[in-house]
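start29.csv follows (CSV, C-alpha atoms):
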chain,number,residue,atom,x,y,z
O,585,MET,CA,6.0,-14.7,-89.2
O,586,TYR,CA,2.9,-13.2,-90.6
O,587,GLN,CA,3.4,-14.9,-94.0
O,588,CYS,CA,3.5,-18.3,-92.2
O,589,ASP,CA,0.2,-17.6,-90.4
O,590,PHE,CA,-1.3,-16.4,-93.7
O,591,ILE,CA,-0.3,-19.6,-95.4
O,592,ARG,CA,-1.8,-21.7,-92.5
O,593,VAL,CA,-5.1,-19.8,-92.7
O,594,ILE,CA,-5.2,-20.4,-96.5
O,595,ALA,CA,-4.4,-24.1,-96.1
O,596,LEU,CA,-6.9,-24.6,-93.3
O,597,GLY,CA,-9.6,-22.7,-95.3
O,598,GLY,CA,-8.9,-24.9,-98.3
O,599,PHE,CA,-9.2,-28.0,-96.2
O,600,ALA,CA,-12.5,-26.9,-94.8
O,601,VAL,CA,-13.9,-26.2,-98.2
O,602,LEU,CA,-12.8,-29.6,-99.4
O,603,CYS,CA,-14.4,-31.3,-96.4
O,604,LEU,CA,-17.7,-29.4,-96.8
O,605,GLY,CA,-17.7,-30.2,-100.5
O,606,MET,CA,-17.3,-33.9,-99.6
O,607,ILE,CA,-20.2,-33.7,-97.2
O,608,LYS,CA,-22.4,-32.0,-99.7
O,609,ALA,CA,-21.4,-34.6,-102.3
O,610,GLU,CA,-22.3,-37.4,-100.0
O,611,ALA,CA,-25.7,-35.8,-99.2
O,612,ALA,CA,-26.4,-35.1,-102.8
O,613,SER,CA,-25.7,-38.8,-103.6
O,614,LEU,CA,-28.7,-40.0,-101.6
O,615,ASP,CA,-31.1,-42.0,-103.6
O,616,THR,CA,-34.5,-40.8,-102.5
O,617,ALA,CA,-36.6,-42.0,-105.5
O,618,LYS,CA,-37.9,-45.1,-103.6
O,619,PHE,CA,-38.5,-42.9,-100.5
O,620,ILE,CA,-40.6,-40.5,-102.6
O,621,ALA,CA,-42.5,-43.3,-104.2
O,622,ALA,CA,-43.3,-44.9,-100.8
O,623,CYS,CA,-44.2,-41.5,-99.3
O,624,THR,CA,-46.6,-40.6,-102.1
O,625,ALA,CA,-48.3,-44.0,-101.9
O,626,ASP,CA,-48.6,-44.0,-98.0
O,627,PRO,CA,-52.3,-43.5,-97.0
O,628,SER,CA,-51.2,-41.6,-93.9
O,629,VAL,CA,-49.8,-39.0,-96.3
O,630,THR,CA,-52.3,-39.1,-99.2
O,631,ASP,CA,-55.3,-39.0,-96.9
O,632,ASP,CA,-54.0,-35.9,-95.1
O,633,PRO,CA,-56.8,-33.3,-95.1
O,634,GLY,CA,-54.2,-30.6,-95.9
O,635,PHE,CA,-54.1,-31.8,-99.5
O,636,ASP,CA,-57.9,-31.5,-99.9
O,637,ASP,CA,-57.8,-28.0,-101.4
O,638,GLY,CA,-55.4,-29.1,-104.1
O,639,LYS,CA,-52.9,-26.3,-103.6
O,640,VAL,CA,-50.2,-28.7,-102.4
O,641,THR,CA,-49.9,-32.3,-103.5
O,642,ALA,CA,-48.6,-35.3,-101.7
O,643,GLN,CA,-45.9,-35.4,-104.3
O,644,ALA,CA,-44.7,-31.9,-103.5
O,645,TYR,CA,-44.8,-32.6,-99.8
O,646,CYS,CA,-42.7,-35.8,-100.2
O,647,ASP,CA,-40.3,-34.1,-102.5
O,648,CYS,CA,-39.8,-31.4,-99.8
O,649,ILE,CA,-39.1,-34.1,-97.2
O,650,ALA,CA,-36.6,-35.8,-99.5
O,651,GLY,CA,-34.9,-32.4,-99.9
O,652,GLU,CA,-34.7,-32.0,-96.2
O,653,LEU,CA,-33.3,-35.5,-95.8
O,654,ALA,CA,-30.5,-34.5,-98.2
O,655,LYS,CA,-29.8,-31.4,-96.1
O,656,GLY,CA,-30.2,-33.1,-92.8
O,657,ASN,CA,-27.0,-35.3,-92.6
O,658,VAL,CA,-28.9,-38.6,-93.0
O,659,THR,CA,-27.3,-41.6,-94.5
O,660,GLN,CA,-28.7,-43.8,-97.3
O,661,LYS,CA,-29.4,-46.4,-94.6
O,662,ASP,CA,-31.6,-43.8,-92.9
O,663,VAL,CA,-33.5,-43.1,-96.1
O,664,ASP,CA,-34.0,-46.8,-96.7
O,665,MET,CA,-35.4,-47.2,-93.2
O,666,LEU,CA,-37.8,-44.3,-93.8
O,667,THR,CA,-38.8,-45.9,-97.0
O,668,LYS,CA,-39.6,-49.1,-95.1
O,669,MET,CA,-41.6,-47.0,-92.6
O,670,HIS,CA,-43.8,-45.6,-95.4
O,671,ASN,CA,-44.2,-49.1,-96.8
O,672,GLU,CA,-45.0,-50.4,-93.3
O,673,GLU,CA,-42.3,-53.0,-93.7
O,674,ILE,CA,-40.3,-52.3,-90.5
O,675,SER,CA,-39.7,-55.6,-88.7
O,676,ASP,CA,-38.8,-56.4,-85.1
O,677,GLU,CA,-35.4,-57.3,-86.5
O,678,ASP,CA,-35.0,-53.9,-88.1
O,679,VAL,CA,-35.9,-52.2,-84.8
O,680,GLU,CA,-33.3,-54.4,-83.0
O,681,ASN,CA,-30.6,-53.7,-85.6
O,682,PHE,CA,-31.2,-50.0,-85.9
O,683,PRO,CA,-30.4,-48.5,-82.5
O,684,THR,CA,-31.0,-44.9,-83.7
O,685,LEU,CA,-34.4,-45.6,-85.2
O,686,GLU,CA,-36.3,-43.5,-82.6
O,687,ASP,CA,-33.9,-40.6,-83.3
O,688,LEU,CA,-34.4,-41.0,-87.0
O,689,LEU,CA,-38.2,-41.0,-86.7
O,690,ASN,CA,-38.0,-37.9,-84.5
O,691,ALA,CA,-35.8,-36.1,-87.0
O,692,ASN,CA,-38.1,-37.2,-89.8
O,693,GLU,CA,-41.0,-35.7,-87.9
O,694,GLY,CA,-39.1,-32.4,-87.7
O,695,PHE,CA,-38.5,-32.6,-91.5
O,696,GLU,CA,-42.2,-33.2,-92.1
O,697,ASP,CA,-43.2,-30.3,-89.8
O,698,GLY,CA,-40.8,-28.0,-91.6
O,699,CYS,CA,-42.2,-29.0,-95.0
O,700,ARG,CA,-45.8,-28.6,-93.7
O,701,LYS,CA,-44.9,-25.1,-92.6
O,702,SER,CA,-43.0,-24.1,-95.7
O,703,LEU,CA,-45.7,-25.4,-98.0
O,704,GLY,CA,-48.5,-23.7,-96.0
O,705,LEU,CA,-50.1,-26.9,-94.8
O,706,PRO,CA,-51.8,-27.1,-91.5
O,707,GLU,CA,-49.9,-28.6,-88.6
O,708,ALA,CA,-50.1,-32.3,-88.2
O,709,THR,CA,-52.7,-33.3,-85.6
O,710,GLY,CA,-51.2,-36.7,-84.8
O,711,GLU,CA,-54.5,-38.5,-85.7
O,712,ASP,CA,-52.5,-41.2,-87.5
O,713,MET,CA,-50.9,-42.1,-84.2
O,714,GLU,CA,-52.6,-45.2,-82.6
O,715,GLU,CA,-53.0,-45.1,-78.9
O,716,GLU,CA,-53.3,-48.4,-77.1
O,717,PRO,CA,-55.8,-48.6,-74.4
O,718,THR,CA,-54.1,-48.5,-71.0
O,719,GLY,CA,-56.8,-50.4,-69.2
O,720,GLU,CA,-56.8,-47.8,-66.4
O,721,ASP,CA,-60.5,-47.0,-66.8
O,722,GLU,CA,-61.7,-50.6,-67.3
O,723,GLY,CA,-64.3,-51.5,-64.7
O,724,MET,CA,-64.5,-48.0,-63.3
O,725,PRO,CA,-68.1,-46.8,-62.9
O,726,GLU,CA,-69.0,-43.6,-64.6
O,727,GLU,CA,-69.5,-40.5,-62.4
O,728,GLY,CA,-72.8,-40.8,-60.6
O,729,GLU,CA,-73.1,-44.6,-61.1
O,730,ALA,CA,-72.8,-47.1,-58.2
O,731,PRO,CA,-69.9,-49.5,-58.5
O,732,ALA,CA,-70.9,-52.9,-59.9
O,733,ASP,CA,-71.2,-55.7,-57.3
O,734,ASP,CA,-69.7,-58.7,-59.0
O,735,ALA,CA,-70.7,-61.1,-56.2
O,736,SER,CA,-74.4,-60.6,-56.7
O,737,PRO,CA,-76.3,-63.1,-58.9
O,738,PRO,CA,-77.4,-62.0,-62.4
O,739,GLU,CA,-80.9,-60.7,-62.7
Please re-express this file's structure in structure tokens.
Amino acid sequence: MYQCDFIRVIALGGFAVLCLGMIKAEAASLDTAKFIAACTADPSVTDDPGFDDGKVTAQAYCDCIAGELAKGNVTQKDVDMLTKMHNEEISDEDVENFPTLEDLLNANEGFEDGCRKSLGLPEATGEDMEEEPTGEDEGMPEEGEAPADDASPPE
């Protein structure tokens, strides 16, 4: 009885090792060269003030992110989409055909934050994020000003 259980444990353990090896082999087979090239050429990366002191380069930062991608269970399709992001080539069709794009971008942000921390770079401030005006403040008078009377004739 115990010998049978022992054999099952050995067989299951061997299967688990085989599966993990396959996952690592798949992750290791990611081609990140184009991603790294796009990342290091992206002005939102290269113009980051964290690289001003020269202790860390954009290349080292992008290499770190590529390493995190390999560890992060992303597919080659994900890496290709992130390459498009850095090249600013994501089209409306890409967005429609890539239902997990928002999840990928959030995961990538986590990879970037992890690399910033491990490389000793300051946290990202989000200055590269463009905020669209909401229009909520349009036409509102400043504090202490009287509201404009649009019905009055121009002076």
Residues near Ala642 of chain O, cut-off 6 Å, only C-alpha atoms, skip fewer than 3 positions along chain, as a PyMOL selection string = chain O and resi 624+630+645
inquiry  = List the spatial neighbours of segment 664-681 of chain O as a PyMOL selection string - criterion: any atom at most 12 Å away, all atoms listed in the file, same-chain residues fewer than 3 positions off excluded.
reply    = chain O and resi 614-630+646+649-650+653+658-661+684-693+695
note = Atom pair atom CA of Glu696 of chain O + atom CA of Cys648 of chain O, distance 8.3 Å
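Proximity of O:Pro683, O:Gly651, O:Gly694, O:Pro706 to Ser613 of chain O, computed with all atoms listed in the file, is greatest for O:Gly651.
Of note, atom CA of Gly698 of chain O and atom CA of Asn657 of chain O are spaced 15.6 Å apart.
Atom CA of Val640 of chain O sits 7.1 Å away from atom CA of Leu703 of chain O.
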For segment 652-668 of chain O, where the input has fewer atoms than it should, I would like N, CA, C and O atoms rebuilt and written as a JSON list (two decimals), keeping the file's coordinate frame.
[["chain", "number", "residue", "atom", "x", "y", "z"],
["O", 652, "GLU", "N", -35.18, -32.19, -97.55],
["O", 652, "GLU", "CA", -34.70, -32.00, -96.20],
["O", 652, "GLU", "C", -33.84, -33.12, -95.71],
["O", 652, "GLU", "O", -32.89, -32.91, -94.95],
["O", 653, "LEU", "N", -34.14, -34.33, -96.15],
["O", 653, "LEU", "CA", -33.30, -35.50, -95.80],
["O", 653, "LEU", "C", -31.87, -35.26, -96.34],
["O", 653, "LEU", "O", -30.89, -35.53, -95.65],
["O", 654, "ALA", "N", -31.80, -34.76, -97.57],
["O", 654, "ALA", "CA", -30.50, -34.50, -98.20],
["O", 654, "ALA", "C", -29.72, -33.44, -97.43],
["O", 654, "ALA", "O", -28.50, -33.52, -97.31],
["O", 655, "LYS", "N", -30.44, -32.45, -96.89],
["O", 655, "LYS", "CA", -29.80, -31.40, -96.10],
["O", 655, "LYS", "C", -29.52, -31.78, -94.69],
["O", 655, "LYS", "O", -28.74, -31.13, -94.01],
["O", 656, "GLY", "N", -30.19, -32.81, -94.20],
["O", 656, "GLY", "CA", -30.20, -33.10, -92.80],
["O", 656, "GLY", "C", -29.16, -34.13, -92.31],
["O", 656, "GLY", "O", -29.34, -34.73, -91.26],
["O", 657, "ASN", "N", -28.10, -34.35, -93.05],
["O", 657, "ASN", "CA", -27.00, -35.30, -92.60],
["O", 657, "ASN", "C", -27.55, -36.68, -92.36],
["O", 657, "ASN", "O", -27.11, -37.32, -91.41],
["O", 658, "VAL", "N", -28.49, -37.17, -93.14],
["O", 658, "VAL", "CA", -28.90, -38.60, -93.00],
["O", 658, "VAL", "C", -28.15, -39.42, -93.98],
["O", 658, "VAL", "O", -27.66, -38.93, -95.00],
["O", 659, "THR", "N", -28.06, -40.69, -93.67],
["O", 659, "THR", "CA", -27.30, -41.60, -94.50],
["O", 659, "THR", "C", -28.33, -42.33, -95.46],
["O", 659, "THR", "O", -29.55, -42.23, -95.26],
["O", 660, "GLN", "N", -27.80, -43.04, -96.42],
["O", 660, "GLN", "CA", -28.70, -43.80, -97.30],
["O", 660, "GLN", "C", -29.41, -44.88, -96.50],
["O", 660, "GLN", "O", -30.58, -45.17, -96.77],
["O", 661, "LYS", "N", -28.76, -45.43, -95.50],
["O", 661, "LYS", "CA", -29.40, -46.40, -94.60],
["O", 661, "LYS", "C", -30.62, -45.81, -93.93],
["O", 661, "LYS", "O", -31.66, -46.45, -93.78],
["O", 662, "ASP", "N", -30.50, -44.54, -93.51],
["O", 662, "ASP", "CA", -31.60, -43.80, -92.90],
["O", 662, "ASP", "C", -32.77, -43.67, -93.89],
["O", 662, "ASP", "O", -33.94, -43.89, -93.54],
["O", 663, "VAL", "N", -32.45, -43.26, -95.09],
["O", 663, "VAL", "CA", -33.50, -43.10, -96.10],
["O", 663, "VAL", "C", -34.17, -44.39, -96.42],
["O", 663, "VAL", "O", -35.40, -44.45, -96.53],
["O", 664, "ASP", "N", -33.39, -45.47, -96.48],
["O", 664, "ASP", "CA", -34.00, -46.80, -96.70],
["O", 664, "ASP", "C", -34.92, -47.21, -95.60],
["O", 664, "ASP", "O", -35.97, -47.81, -95.84],
["O", 665, "MET", "N", -34.55, -46.88, -94.36],
["O", 665, "MET", "CA", -35.40, -47.20, -93.20],
["O", 665, "MET", "C", -36.70, -46.39, -93.26],
["O", 665, "MET", "O", -37.79, -46.92, -92.97],
["O", 666, "LEU", "N", -36.61, -45.13, -93.64],
["O", 666, "LEU", "CA", -37.80, -44.30, -93.80],
["O", 666, "LEU", "C", -38.71, -44.81, -94.90],
["O", 666, "LEU", "O", -39.94, -44.73, -94.82],
["O", 667, "THR", "N", -38.09, -45.34, -95.94],
["O", 667, "THR", "CA", -38.80, -45.90, -97.00],
["O", 667, "THR", "C", -39.62, -47.15, -96.50],
["O", 667, "THR", "O", -40.81, -47.32, -96.79],
["O", 668, "LYS", "N", -38.94, -47.97, -95.69],
["O", 668, "LYS", "CA", -39.60, -49.10, -95.10],
["O", 668, "LYS", "C", -40.77, -48.65, -94.18],
["O", 668, "LYS", "O", -41.81, -49.30, -94.13]]
